[in-house]
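Undergrad: Sharing a structure here in structure tokens format.
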Amino acid sequence: MSDRIIEPVPSEFLVPFDGTFRVADAPTAPSDGERGKQHKKRHKQALAAIVDEMRELQRAMYAFDSHSLLLVFQAMDAAGKDGTIRAVMSGINPAGCQVSSFKAPSKQELDHDFLWRVATRLPERGRIGIFNRSHYEEVLVVRVHPEYLESQRLPGKLDLATIWQERFESIRNFEQHLARNGTTILKFWLNVGRDEQRRRFIDRIDEPESNWKFEPGDVAERRHWSAYMRAYEEALCATSRPWAPWYAIPADDKPFMRRTVADLVRRALKAIRPRYPEPTAAERAAMQGYREELLRDD
Ligand code: ATP
Ligand code: MG
């Protein structure tokens, strides 16, 4: 691995790089020792401390101006992407961070290859970019609904037996290229359980102030749950690599999820080892000259 690529942050939730990840074995809830009211409070307190540390690290990364950080979020509906993104961003200087949400592609986006629209939203050096959905929709929702490919006007005859592997290859190469050029990539699959999703949808119907969040289309997508799980499993196996690791985060408990994601982001920022640029001896001497001039200036 190129030494410009930062080693992935180890975690029990890191998706292995050898294709052995199985959705059926991935927990949707934290272990018994991390659950319950007491723990929720503890996770919230820990999150606040993590966010403080992230704020400092981000300032240094901005000044360092060499690396960028790309955070990719994918999940089934109601897994809590928005809240997690808000929590991670809560301490960060908005000038150094940009969130991009990817919906069904526009006419203009369909005039390009599937990586084009994400390429235009990549973070600049020194910045953090957050993708709320991403190029992975192209091997998730599009895989579950292959009829969406028709609007993409791909040349030649479509071969559903090879297209997903080809896309995985494109994604791996794209992400490796980014990593080699200074973008540290972390990808989070917020893994909500099917029962928990059902509970959250019902709450959206029962609680008047949450009605606006209820989308009949989300219930329709839920009918394809097992197809989505197969698509996630294959996509994560094929694209979790040292230069762009996936983390499968249990999402049934929101405080645990937010704390876990924020802590991985904090550790990734730390691994970049951002340093404030040191002036050279000549620059320091020149600054002293300016200082004296400013003192004389009344
Ligand atoms: P929320 O519902 O919390 O506001 P969301 O991310 O679900 O956020 P929506 O506008 O509800 O936003 O949904 C966006 C939809 O666009 C999703 O169903 C997603 O699968 C779909 N989408 C995203 N990218 C693509 C793509 N490349 N091709 C087809 N559909 C896509
Ligand atoms: Mg939605």
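Residue numbers start at 1 in each chain; chains themselves are named A, B, ... in the order of the structure tokens; ligands are numbered from 1 in the order shown.
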Could you give me, as a PyMOL selection string, every polymer residue with an atom at most 7 Å away from an atom of ligand 2, counting only C-alpha atoms and all ligand atoms?

TA: chain A and resi 77+215+218

Undergrad: Using N, CA, C and O atoms, can you export the residues from the last selection as a JSON list (two decimals), in the first residue's frame?

TA:
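Output file again14.json follows:
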```json
[["chain", "number", "residue", "atom", "x", "y", "z"],
["A", 77, "ASP", "N", -33.83, 3.25, 4.85],
["A", 77, "ASP", "CA", -34.55, 4.42, 5.35],
["A", 77, "ASP", "C", -34.75, 4.32, 6.87],
["A", 77, "ASP", "O", -34.90, 3.24, 7.42],
["A", 215, "GLU", "N", -42.93, 8.59, 4.52],
["A", 215, "GLU", "CA", -42.98, 8.52, 3.05],
["A", 215, "GLU", "C", -43.55, 7.16, 2.65],
["A", 215, "GLU", "O", -42.92, 6.13, 2.93],
["A", 218, "ASP", "N", -41.19, 4.69, 1.22],
["A", 218, "ASP", "CA", -40.26, 3.96, 2.08],
["A", 218, "ASP", "C", -40.83, 2.59, 2.45],
["A", 218, "ASP", "O", -40.08, 1.61, 2.58]]
```

Undergrad: Among segment 11-185 of chain A, which residues does DSSP mark as alpha helix (DSSP H) when it is run on the backbone? Keep the chain and numbering as in the structure and answer as a count of residues only.

TA: 67

Undergrad: When you count only C-alpha atoms, which of these residues is closest to Arg35 of chain A: A:Phe114, A:Phe256, A:Phe174, A:Phe214?

TA: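 Closest to Arg35 of chain A of all the choices is A:Phe256.
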
Undergrad: Counting only C-alpha atoms and all ligand atoms, which protein, DNA or RNA residues come within 9 Å of ligand 1, given as a PDB file with all heavy atoms, in the first residue's frame?

TA:
```pdb
ATOM      1  N   GLN A  74     -24.333   5.325   4.044  1.00  0.00           N
ATOM      2  CA  GLN A  74     -25.371   4.570   3.340  1.00  0.00           C
ATOM      3  C   GLN A  74     -26.212   3.837   4.397  1.00  0.00           C
ATOM      4  O   GLN A  74     -25.677   3.395   5.412  1.00  0.00           O
ATOM      5  CB  GLN A  74     -24.738   3.534   2.399  1.00  0.00           C
ATOM      6  CG  GLN A  74     -24.153   4.119   1.144  1.00  0.00           C
ATOM      7  CD  GLN A  74     -25.176   4.631   0.139  1.00  0.00           C
ATOM      8  OE1 GLN A  74     -24.840   5.475  -0.701  1.00  0.00           O
ATOM      9  NE2 GLN A  74     -26.421   4.171   0.216  1.00  0.00           N
ATOM     10  N   ALA A  75     -27.500   3.702   4.111  1.00  0.00           N
ATOM     11  CA  ALA A  75     -28.362   3.000   5.068  1.00  0.00           C
ATOM     12  C   ALA A  75     -29.734   2.784   4.465  1.00  0.00           C
ATOM     13  O   ALA A  75     -30.110   3.460   3.500  1.00  0.00           O
ATOM     14  CB  ALA A  75     -28.502   3.826   6.345  1.00  0.00           C
ATOM     15  N   MET A  76     -30.485   1.880   5.051  1.00  0.00           N
ATOM     16  CA  MET A  76     -31.898   1.760   4.731  1.00  0.00           C
ATOM     17  C   MET A  76     -32.601   2.993   5.307  1.00  0.00           C
ATOM     18  O   MET A  76     -32.065   3.685   6.174  1.00  0.00           O
ATOM     19  CB  MET A  76     -32.479   0.477   5.357  1.00  0.00           C
ATOM     20  CG  MET A  76     -31.867  -0.810   4.822  1.00  0.00           C
ATOM     21  SD  MET A  76     -32.152  -1.072   3.047  1.00  0.00           S
ATOM     22  CE  MET A  76     -33.875  -1.603   3.048  1.00  0.00           C
ATOM     23  N   ASP A  77     -33.829   3.250   4.851  1.00  0.00           N
ATOM     24  CA  ASP A  77     -34.554   4.423   5.353  1.00  0.00           C
ATOM     25  C   ASP A  77     -34.748   4.325   6.872  1.00  0.00           C
ATOM     26  O   ASP A  77     -34.905   3.238   7.416  1.00  0.00           O
ATOM     27  CB  ASP A  77     -35.929   4.512   4.671  1.00  0.00           C
ATOM     28  CG  ASP A  77     -35.795   4.901   3.206  1.00  0.00           C
ATOM     29  OD1 ASP A  77     -35.217   5.970   2.938  1.00  0.00           O
ATOM     30  OD2 ASP A  77     -36.255   4.127   2.344  1.00  0.00           O
ATOM     31  N   ALA A  78     -34.743   5.486   7.507  1.00  0.00           N
ATOM     32  CA  ALA A  78     -34.998   5.623   8.948  1.00  0.00           C
ATOM     33  C   ALA A  78     -33.894   5.022   9.823  1.00  0.00           C
ATOM     34  O   ALA A  78     -34.076   4.806  11.011  1.00  0.00           O
ATOM     35  CB  ALA A  78     -36.357   5.033   9.348  1.00  0.00           C
ATOM     36  N   ALA A  79     -32.735   4.780   9.242  1.00  0.00           N
ATOM     37  CA  ALA A  79     -31.629   4.250  10.055  1.00  0.00           C
ATOM     38  C   ALA A  79     -30.991   5.359  10.892  1.00  0.00           C
ATOM     39  O   ALA A  79     -30.294   5.068  11.867  1.00  0.00           O
ATOM     40  CB  ALA A  79     -30.576   3.601   9.157  1.00  0.00           C
ATOM     41  N   GLY A  80     -31.200   6.608  10.509  1.00  0.00           N
ATOM     42  CA  GLY A  80     -30.653   7.714  11.300  1.00  0.00           C
ATOM     43  C   GLY A  80     -29.443   8.382  10.665  1.00  0.00           C
ATOM     44  O   GLY A  80     -28.582   8.901  11.376  1.00  0.00           O
ATOM     45  N   LYS A  81     -29.389   8.387   9.342  1.00  0.00           N
ATOM     46  CA  LYS A  81     -28.257   9.040   8.651  1.00  0.00           C
ATOM     47  C   LYS A  81     -28.184  10.518   9.021  1.00  0.00           C
ATOM     48  O   LYS A  81     -27.126  11.015   9.381  1.00  0.00           O
ATOM     49  CB  LYS A  81     -28.455   8.961   7.129  1.00  0.00           C
ATOM     50  CG  LYS A  81     -27.914   7.715   6.477  1.00  0.00           C
ATOM     51  CD  LYS A  81     -28.008   7.833   4.948  1.00  0.00           C
ATOM     52  CE  LYS A  81     -29.397   7.695   4.429  1.00  0.00           C
ATOM     53  NZ  LYS A  81     -30.009   8.780   3.736  1.00  0.00           N
ATOM     54  N   ASP A  82     -29.328  11.193   8.902  1.00  0.00           N
ATOM     55  CA  ASP A  82     -29.312  12.644   9.097  1.00  0.00           C
ATOM     56  C   ASP A  82     -28.838  13.017  10.498  1.00  0.00           C
ATOM     57  O   ASP A  82     -28.004  13.909  10.660  1.00  0.00           O
ATOM     58  CB  ASP A  82     -30.697  13.250   8.844  1.00  0.00           C
ATOM     59  CG  ASP A  82     -31.065  13.202   7.369  1.00  0.00           C
ATOM     60  OD1 ASP A  82     -30.323  12.547   6.598  1.00  0.00           O
ATOM     61  OD2 ASP A  82     -32.079  13.787   6.986  1.00  0.00           O
ATOM     62  N   SER A 101     -26.030  15.571  -0.547  1.00  0.00           N
ATOM     63  CA  SER A 101     -27.042  14.499  -0.542  1.00  0.00           C
ATOM     64  C   SER A 101     -27.285  14.064  -1.978  1.00  0.00           C
ATOM     65  O   SER A 101     -27.432  14.912  -2.861  1.00  0.00           O
ATOM     66  CB  SER A 101     -28.358  15.009   0.043  1.00  0.00           C
ATOM     67  OG  SER A 101     -28.148  15.421   1.363  1.00  0.00           O
ATOM     68  N   PHE A 102     -27.328  12.780  -2.186  1.00  0.00           N
ATOM     69  CA  PHE A 102     -27.525  12.258  -3.549  1.00  0.00           C
ATOM     70  C   PHE A 102     -28.880  11.566  -3.658  1.00  0.00           C
ATOM     71  O   PHE A 102     -29.141  10.579  -2.991  1.00  0.00           O
ATOM     72  CB  PHE A 102     -26.382  11.311  -3.912  1.00  0.00           C
ATOM     73  CG  PHE A 102     -25.057  12.015  -3.985  1.00  0.00           C
ATOM     74  CD1 PHE A 102     -24.177  11.971  -2.910  1.00  0.00           C
ATOM     75  CD2 PHE A 102     -24.711  12.768  -5.095  1.00  0.00           C
ATOM     76  CE1 PHE A 102     -22.958  12.643  -2.960  1.00  0.00           C
ATOM     77  CE2 PHE A 102     -23.502  13.448  -5.162  1.00  0.00           C
ATOM     78  CZ  PHE A 102     -22.626  13.384  -4.084  1.00  0.00           C
ATOM     79  N   LYS A 103     -29.723  12.141  -4.500  1.00  0.00           N
ATOM     80  CA  LYS A 103     -31.072  11.596  -4.746  1.00  0.00           C
ATOM     81  C   LYS A 103     -31.072  10.910  -6.102  1.00  0.00           C
ATOM     82  O   LYS A 103     -30.019  10.786  -6.739  1.00  0.00           O
ATOM     83  CB  LYS A 103     -32.078  12.737  -4.742  1.00  0.00           C
ATOM     84  CG  LYS A 103     -31.855  13.731  -3.627  1.00  0.00           C
ATOM     85  CD  LYS A 103     -32.826  13.533  -2.525  1.00  0.00           C
ATOM     86  CE  LYS A 103     -32.522  14.479  -1.381  1.00  0.00           C
ATOM     87  NZ  LYS A 103     -33.188  14.171  -0.172  1.00  0.00           N
ATOM     88  N   ALA A 104     -32.257  10.569  -6.592  1.00  0.00           N
ATOM     89  CA  ALA A 104     -32.334   9.992  -7.939  1.00  0.00           C
ATOM     90  C   ALA A 104     -31.666  10.966  -8.908  1.00  0.00           C
ATOM     91  O   ALA A 104     -31.841  12.181  -8.787  1.00  0.00           O
ATOM     92  CB  ALA A 104     -33.788   9.765  -8.308  1.00  0.00           C
ATOM     93  N   PRO A 105     -30.845  10.477  -9.838  1.00  0.00           N
ATOM     94  CA  PRO A 105     -30.058  11.378 -10.686  1.00  0.00           C
ATOM     95  C   PRO A 105     -30.903  12.279 -11.575  1.00  0.00           C
ATOM     96  O   PRO A 105     -31.962  11.875 -12.065  1.00  0.00           O
ATOM     97  CB  PRO A 105     -29.204  10.428 -11.531  1.00  0.00           C
ATOM     98  CG  PRO A 105     -29.717   9.063 -11.294  1.00  0.00           C
ATOM     99  CD  PRO A 105     -30.574   9.069 -10.087  1.00  0.00           C
ATOM    100  N   PHE A 114     -21.574   7.232 -13.967  1.00  0.00           N
ATOM    101  CA  PHE A 114     -22.180   7.275 -12.624  1.00  0.00           C
ATOM    102  C   PHE A 114     -21.271   7.859 -11.549  1.00  0.00           C
ATOM    103  O   PHE A 114     -21.735   8.167 -10.445  1.00  0.00           O
ATOM    104  CB  PHE A 114     -22.719   5.898 -12.219  1.00  0.00           C
ATOM    105  CG  PHE A 114     -21.678   4.888 -11.795  1.00  0.00           C
ATOM    106  CD1 PHE A 114     -21.347   4.746 -10.458  1.00  0.00           C
ATOM    107  CD2 PHE A 114     -21.048   4.065 -12.721  1.00  0.00           C
ATOM    108  CE1 PHE A 114     -20.410   3.804 -10.041  1.00  0.00           C
ATOM    109  CE2 PHE A 114     -20.107   3.123 -12.328  1.00  0.00           C
ATOM    110  CZ  PHE A 114     -19.780   2.998 -10.982  1.00  0.00           C
ATOM    111  N   ASN A 132     -24.263  12.026   1.967  1.00  0.00           N
ATOM    112  CA  ASN A 132     -25.498  11.441   2.469  1.00  0.00           C
ATOM    113  C   ASN A 132     -26.104  10.672   1.282  1.00  0.00           C
ATOM    114  O   ASN A 132     -26.706  11.259   0.410  1.00  0.00           O
ATOM    115  CB  ASN A 132     -26.408  12.574   2.935  1.00  0.00           C
ATOM    116  CG  ASN A 132     -27.698  12.079   3.530  1.00  0.00           C
ATOM    117  OD1 ASN A 132     -28.025  10.892   3.426  1.00  0.00           O
ATOM    118  ND2 ASN A 132     -28.456  12.969   4.140  1.00  0.00           N
ATOM    119  N   ARG A 133     -25.870   9.358   1.240  1.00  0.00           N
ATOM    120  CA  ARG A 133     -26.000   8.518   0.045  1.00  0.00           C
ATOM    121  C   ARG A 133     -24.846   8.886  -0.885  1.00  0.00           C
ATOM    122  O   ARG A 133     -24.186   9.917  -0.688  1.00  0.00           O
ATOM    123  CB  ARG A 133     -27.340   8.641  -0.657  1.00  0.00           C
ATOM    124  CG  ARG A 133     -28.534   8.287   0.252  1.00  0.00           C
ATOM    125  CD  ARG A 133     -29.817   8.254  -0.570  1.00  0.00           C
ATOM    126  NE  ARG A 133     -30.990   8.084   0.265  1.00  0.00           N
ATOM    127  CZ  ARG A 133     -31.481   6.902   0.637  1.00  0.00           C
ATOM    128  NH1 ARG A 133     -30.900   5.795   0.229  1.00  0.00           N
ATOM    129  NH2 ARG A 133     -32.557   6.834   1.391  1.00  0.00           N
ATOM    130  N   SER A 134     -24.637   8.088  -1.920  1.00  0.00           N
ATOM    131  CA  SER A 134     -23.380   8.249  -2.658  1.00  0.00           C
ATOM    132  C   SER A 134     -23.425   7.454  -3.954  1.00  0.00           C
ATOM    133  O   SER A 134     -24.484   6.969  -4.355  1.00  0.00           O
ATOM    134  CB  SER A 134     -22.246   7.687  -1.794  1.00  0.00           C
ATOM    135  OG  SER A 134     -22.450   6.280  -1.652  1.00  0.00           O
ATOM    136  N   HIS A 135     -22.236   7.259  -4.557  1.00  0.00           N
ATOM    137  CA  HIS A 135     -22.113   6.398  -5.743  1.00  0.00           C
ATOM    138  C   HIS A 135     -22.543   4.958  -5.439  1.00  0.00           C
ATOM    139  O   HIS A 135     -22.795   4.196  -6.365  1.00  0.00           O
ATOM    140  CB  HIS A 135     -20.694   6.439  -6.295  1.00  0.00           C
ATOM    141  CG  HIS A 135     -19.600   6.355  -5.258  1.00  0.00           C
ATOM    142  ND1 HIS A 135     -19.491   7.233  -4.205  1.00  0.00           N
ATOM    143  CD2 HIS A 135     -18.575   5.480  -5.113  1.00  0.00           C
ATOM    144  CE1 HIS A 135     -18.436   6.919  -3.470  1.00  0.00           C
ATOM    145  NE2 HIS A 135     -17.869   5.850  -3.993  1.00  0.00           N
ATOM    146  N   TYR A 136     -22.616   4.594  -4.161  1.00  0.00           N
ATOM    147  CA  TYR A 136     -23.044   3.224  -3.833  1.00  0.00           C
ATOM    148  C   TYR A 136     -24.506   2.960  -4.170  1.00  0.00           C
ATOM    149  O   TYR A 136     -24.908   1.805  -4.327  1.00  0.00           O
ATOM    150  CB  TYR A 136     -22.732   2.902  -2.365  1.00  0.00           C
ATOM    151  CG  TYR A 136     -21.258   2.605  -2.220  1.00  0.00           C
ATOM    152  CD1 TYR A 136     -20.361   3.601  -1.851  1.00  0.00           C
ATOM    153  CD2 TYR A 136     -20.743   1.356  -2.546  1.00  0.00           C
ATOM    154  CE1 TYR A 136     -18.997   3.353  -1.785  1.00  0.00           C
ATOM    155  CE2 TYR A 136     -19.387   1.092  -2.486  1.00  0.00           C
ATOM    156  CZ  TYR A 136     -18.519   2.095  -2.107  1.00  0.00           C
ATOM    157  OH  TYR A 136     -17.171   1.845  -2.063  1.00  0.00           O
ATOM    158  N   GLU A 137     -25.308   4.031  -4.312  1.00  0.00           N
ATOM    159  CA  GLU A 137     -26.702   3.809  -4.744  1.00  0.00           C
ATOM    160  C   GLU A 137     -26.727   3.050  -6.073  1.00  0.00           C
ATOM    161  O   GLU A 137     -27.666   2.340  -6.381  1.00  0.00           O
ATOM    162  CB  GLU A 137     -27.428   5.148  -4.887  1.00  0.00           C
ATOM    163  CG  GLU A 137     -27.674   5.877  -3.569  1.00  0.00           C
ATOM    164  CD  GLU A 137     -28.687   5.185  -2.663  1.00  0.00           C
ATOM    165  OE1 GLU A 137     -29.636   4.578  -3.178  1.00  0.00           O
ATOM    166  OE2 GLU A 137     -28.497   5.255  -1.438  1.00  0.00           O
ATOM    167  N   GLU A 138     -25.658   3.223  -6.855  1.00  0.00           N
ATOM    168  CA  GLU A 138     -25.592   2.603  -8.183  1.00  0.00           C
ATOM    169  C   GLU A 138     -25.441   1.084  -8.131  1.00  0.00           C
ATOM    170  O   GLU A 138     -25.596   0.413  -9.153  1.00  0.00           O
ATOM    171  CB  GLU A 138     -24.434   3.214  -8.969  1.00  0.00           C
ATOM    172  CG  GLU A 138     -24.671   4.661  -9.336  1.00  0.00           C
ATOM    173  CD  GLU A 138     -25.759   4.816 -10.391  1.00  0.00           C
ATOM    174  OE1 GLU A 138     -26.021   3.846 -11.132  1.00  0.00           O
ATOM    175  OE2 GLU A 138     -26.341   5.912 -10.469  1.00  0.00           O
ATOM    176  N   VAL A 139     -25.043   0.555  -6.958  1.00  0.00           N
ATOM    177  CA  VAL A 139     -24.960  -0.903  -6.809  1.00  0.00           C
ATOM    178  C   VAL A 139     -25.908  -1.386  -5.711  1.00  0.00           C
ATOM    179  O   VAL A 139     -25.832  -2.526  -5.276  1.00  0.00           O
ATOM    180  CB  VAL A 139     -23.511  -1.366  -6.516  1.00  0.00           C
ATOM    181  CG1 VAL A 139     -22.630  -1.174  -7.751  1.00  0.00           C
ATOM    182  CG2 VAL A 139     -22.912  -0.626  -5.315  1.00  0.00           C
ATOM    183  N   LEU A 140     -26.782  -0.479  -5.242  1.00  0.00           N
ATOM    184  CA  LEU A 140     -27.761  -0.843  -4.200  1.00  0.00           C
ATOM    185  C   LEU A 140     -29.162  -0.670  -4.774  1.00  0.00           C
ATOM    186  O   LEU A 140     -29.741  -1.619  -5.275  1.00  0.00           O
ATOM    187  CB  LEU A 140     -27.531   0.004  -2.944  1.00  0.00           C
ATOM    188  CG  LEU A 140     -26.171  -0.237  -2.255  1.00  0.00           C
ATOM    189  CD1 LEU A 140     -25.866   0.830  -1.227  1.00  0.00           C
ATOM    190  CD2 LEU A 140     -26.151  -1.619  -1.597  1.00  0.00           C
ATOM    191  N   VAL A 141     -29.670   0.592  -4.770  1.00  0.00           N
ATOM    192  CA  VAL A 141     -31.043   0.785  -5.263  1.00  0.00           C
ATOM    193  C   VAL A 141     -31.157   0.366  -6.735  1.00  0.00           C
ATOM    194  O   VAL A 141     -32.140  -0.249  -7.152  1.00  0.00           O
ATOM    195  CB  VAL A 141     -31.525   2.239  -5.024  1.00  0.00           C
ATOM    196  CG1 VAL A 141     -30.789   3.248  -5.868  1.00  0.00           C
ATOM    197  CG2 VAL A 141     -33.011   2.380  -5.284  1.00  0.00           C
ATOM    198  N   VAL A 142     -30.119   0.658  -7.513  1.00  0.00           N
ATOM    199  CA  VAL A 142     -30.186   0.316  -8.946  1.00  0.00           C
ATOM    200  C   VAL A 142     -30.093  -1.206  -9.140  1.00  0.00           C
ATOM    201  O   VAL A 142     -30.683  -1.769 -10.054  1.00  0.00           O
ATOM    202  CB  VAL A 142     -29.085   1.062  -9.740  1.00  0.00           C
ATOM    203  CG1 VAL A 142     -29.160   0.731 -11.223  1.00  0.00           C
ATOM    204  CG2 VAL A 142     -29.208   2.573  -9.547  1.00  0.00           C
ATOM    205  N   HIS A 145     -33.482  -2.456  -8.335  1.00  0.00           N
ATOM    206  CA  HIS A 145     -34.410  -2.047  -9.413  1.00  0.00           C
ATOM    207  C   HIS A 145     -33.627  -1.886 -10.715  1.00  0.00           C
ATOM    208  O   HIS A 145     -33.402  -0.748 -11.177  1.00  0.00           O
ATOM    209  CB  HIS A 145     -35.075  -0.710  -9.065  1.00  0.00           C
ATOM    210  CG  HIS A 145     -35.865  -0.743  -7.802  1.00  0.00           C
ATOM    211  ND1 HIS A 145     -37.133  -1.280  -7.725  1.00  0.00           N
ATOM    212  CD2 HIS A 145     -35.564  -0.308  -6.553  1.00  0.00           C
ATOM    213  CE1 HIS A 145     -37.583  -1.167  -6.477  1.00  0.00           C
ATOM    214  NE2 HIS A 145     -36.650  -0.588  -5.749  1.00  0.00           N
ATOM    215  N   TYR A 148     -33.934   0.797 -13.541  1.00  0.00           N
ATOM    216  CA  TYR A 148     -33.391   2.163 -13.511  1.00  0.00           C
ATOM    217  C   TYR A 148     -32.229   2.323 -14.494  1.00  0.00           C
ATOM    218  O   TYR A 148     -31.892   3.442 -14.880  1.00  0.00           O
ATOM    219  CB  TYR A 148     -32.898   2.548 -12.107  1.00  0.00           C
ATOM    220  CG  TYR A 148     -33.973   2.714 -11.053  1.00  0.00           C
ATOM    221  CD1 TYR A 148     -33.626   3.023  -9.741  1.00  0.00           C
ATOM    222  CD2 TYR A 148     -35.332   2.565 -11.367  1.00  0.00           C
ATOM    223  CE1 TYR A 148     -34.601   3.172  -8.756  1.00  0.00           C
ATOM    224  CE2 TYR A 148     -36.300   2.710 -10.386  1.00  0.00           C
ATOM    225  CZ  TYR A 148     -35.933   3.014  -9.094  1.00  0.00           C
ATOM    226  OH  TYR A 148     -36.884   3.157  -8.120  1.00  0.00           O
ATOM    227  N   LEU A 149     -31.604   1.218 -14.858  1.00  0.00           N
ATOM    228  CA  LEU A 149     -30.467   1.295 -15.784  1.00  0.00           C
ATOM    229  C   LEU A 149     -30.890   1.826 -17.143  1.00  0.00           C
ATOM    230  O   LEU A 149     -30.079   2.406 -17.866  1.00  0.00           O
ATOM    231  CB  LEU A 149     -29.834  -0.095 -15.964  1.00  0.00           C
ATOM    232  CG  LEU A 149     -29.002  -0.620 -14.787  1.00  0.00           C
ATOM    233  CD1 LEU A 149     -28.679  -2.093 -14.998  1.00  0.00           C
ATOM    234  CD2 LEU A 149     -27.713   0.192 -14.625  1.00  0.00           C
ATOM    235  N   LYS A 213     -42.179  13.204   8.146  1.00  0.00           N
ATOM    236  CA  LYS A 213     -41.071  12.317   7.776  1.00  0.00           C
ATOM    237  C   LYS A 213     -41.570  11.043   7.115  1.00  0.00           C
ATOM    238  O   LYS A 213     -40.785  10.282   6.555  1.00  0.00           O
ATOM    239  CB  LYS A 213     -40.297  11.892   9.034  1.00  0.00           C
ATOM    240  CG  LYS A 213     -39.478  12.971   9.672  1.00  0.00           C
ATOM    241  CD  LYS A 213     -38.503  12.317  10.653  1.00  0.00           C
ATOM    242  CE  LYS A 213     -38.213  13.196  11.830  1.00  0.00           C
ATOM    243  NZ  LYS A 213     -37.549  12.480  12.928  1.00  0.00           N
ATOM    244  N   PHE A 214     -42.892  10.790   7.228  1.00  0.00           N
ATOM    245  CA  PHE A 214     -43.397   9.512   6.695  1.00  0.00           C
ATOM    246  C   PHE A 214     -43.537   9.574   5.182  1.00  0.00           C
ATOM    247  O   PHE A 214     -44.160  10.475   4.636  1.00  0.00           O
ATOM    248  CB  PHE A 214     -44.742   9.145   7.329  1.00  0.00           C
ATOM    249  CG  PHE A 214     -45.251   7.850   6.774  1.00  0.00           C
ATOM    250  CD1 PHE A 214     -44.665   6.645   7.145  1.00  0.00           C
ATOM    251  CD2 PHE A 214     -46.281   7.832   5.837  1.00  0.00           C
ATOM    252  CE1 PHE A 214     -45.092   5.441   6.603  1.00  0.00           C
ATOM    253  CE2 PHE A 214     -46.720   6.626   5.280  1.00  0.00           C
ATOM    254  CZ  PHE A 214     -46.119   5.449   5.665  1.00  0.00           C
ATOM    255  N   GLU A 215     -42.933   8.594   4.516  1.00  0.00           N
ATOM    256  CA  GLU A 215     -42.984   8.518   3.047  1.00  0.00           C
ATOM    257  C   GLU A 215     -43.547   7.164   2.650  1.00  0.00           C
ATOM    258  O   GLU A 215     -42.922   6.135   2.934  1.00  0.00           O
ATOM    259  CB  GLU A 215     -41.559   8.584   2.477  1.00  0.00           C
ATOM    260  CG  GLU A 215     -40.866   9.885   2.737  1.00  0.00           C
ATOM    261  CD  GLU A 215     -40.528  10.602   1.439  1.00  0.00           C
ATOM    262  OE1 GLU A 215     -41.168  10.279   0.407  1.00  0.00           O
ATOM    263  OE2 GLU A 215     -39.653  11.463   1.482  1.00  0.00           O
ATOM    264  N   GLY A 217     -43.423   5.740  -0.034  1.00  0.00           N
ATOM    265  CA  GLY A 217     -42.423   5.045  -0.858  1.00  0.00           C
ATOM    266  C   GLY A 217     -41.439   4.236  -0.017  1.00  0.00           C
ATOM    267  O   GLY A 217     -40.916   3.210  -0.471  1.00  0.00           O
ATOM    268  N   ASP A 218     -41.190   4.690   1.216  1.00  0.00           N
ATOM    269  CA  ASP A 218     -40.257   3.955   2.076  1.00  0.00           C
ATOM    270  C   ASP A 218     -40.829   2.588   2.446  1.00  0.00           C
ATOM    271  O   ASP A 218     -40.084   1.611   2.585  1.00  0.00           O
ATOM    272  CB  ASP A 218     -39.968   4.753   3.361  1.00  0.00           C
ATOM    273  CG  ASP A 218     -39.158   6.031   3.079  1.00  0.00           C
ATOM    274  OD1 ASP A 218     -38.727   6.227   1.925  1.00  0.00           O
ATOM    275  OD2 ASP A 218     -38.982   6.823   4.033  1.00  0.00           O
ATOM    276  N   GLU A 221     -40.249   0.331  -0.481  1.00  0.00           N
ATOM    277  CA  GLU A 221     -38.860  -0.154  -0.569  1.00  0.00           C
ATOM    278  C   GLU A 221     -38.596  -1.246   0.440  1.00  0.00           C
ATOM    279  O   GLU A 221     -37.841  -2.182   0.187  1.00  0.00           O
ATOM    280  CB  GLU A 221     -37.870   1.000  -0.331  1.00  0.00           C
ATOM    281  CG  GLU A 221     -37.563   1.850  -1.525  1.00  0.00           C
ATOM    282  CD  GLU A 221     -37.418   1.084  -2.823  1.00  0.00           C
ATOM    283  OE1 GLU A 221     -36.362   0.482  -3.071  1.00  0.00           O
ATOM    284  OE2 GLU A 221     -38.392   1.077  -3.607  1.00  0.00           O
TER     285      GLU A 221
END
```

Undergrad: What is the atom CA of Arg267 of chain A-atom CA of Leu115 of chain A distance in Å, reported with one decimal?

TA: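 These two atoms are separated by 27.7 Å.
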
Undergrad: So which residues of segment 152-254 of chain A fall under strand (DSSP E) by DSSP, listed as a PyMOL selection string?

TA: chain A and resi 183-191+246-250

Undergrad: Considering only C-alpha atoms, can you say which of A:Glu124, A:Glu234, A:Asp32, A:Asp195 comes closest to Asp65 of chain A?

TA: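 Closest candidate: A:Glu124.
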
Undergrad: Would you list the contacts of Arg204 of chain A as a ChimeraX atom specification, taking every protein, DNA or RNA residue within 12 Å and counting only C-alpha atoms, but skipping same-chain residues closer than 2 positions in sequence?

TA: /A:78,197-202,206-216,218-219

Undergrad: Would you list the contacts of Pro250 of chain A as a PyMOL selection string, taking every protein, DNA or RNA residue within 7 Å and counting only C-alpha atoms, but skipping same-chain residues closer than 2 positions in sequence?

TA: chain A and resi 27-30+190-192+248+252+257

Undergrad: Could you name the residues that touch segment 48-58 of chain A at 9 Å or less, counting only C-alpha atoms, but leaving out those on the same chain fewer than 4 positions away, as an MDAnalysis selection string?

TA: chainID A and resid 43:44 62:63 87:93 96 126:128 259 262:263 265:267 269:270 273:274

Undergrad: Counting only C-alpha atoms, figure out which residue out of A:Glu233, A:Asp297, A:Glu292, A:Asp253 gets nearest to Ala24 of chain A.

TA: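 Among A:Glu233, A:Asp297, A:Glu292, A:Asp253, it is A:Glu233 that comes nearest to Ala24 of chain A.
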
Undergrad: Give me the residues within 7 Å of segment 166-169 of chain A as a ChimeraX atom specification, counting only C-alpha atoms and dropping any in the same chain fewer than 4 places off.

TA: /A:162,173,238-239

Undergrad: Out of A:Arg194, A:Arg172, A:Arg222, A:Arg296, which residue has the shortest atom-to-atom distance to Pro245 of chain A when counting only C-alpha atoms?

TA: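 With only C-alpha atoms as the atom set, the closest residue is A:Arg172.
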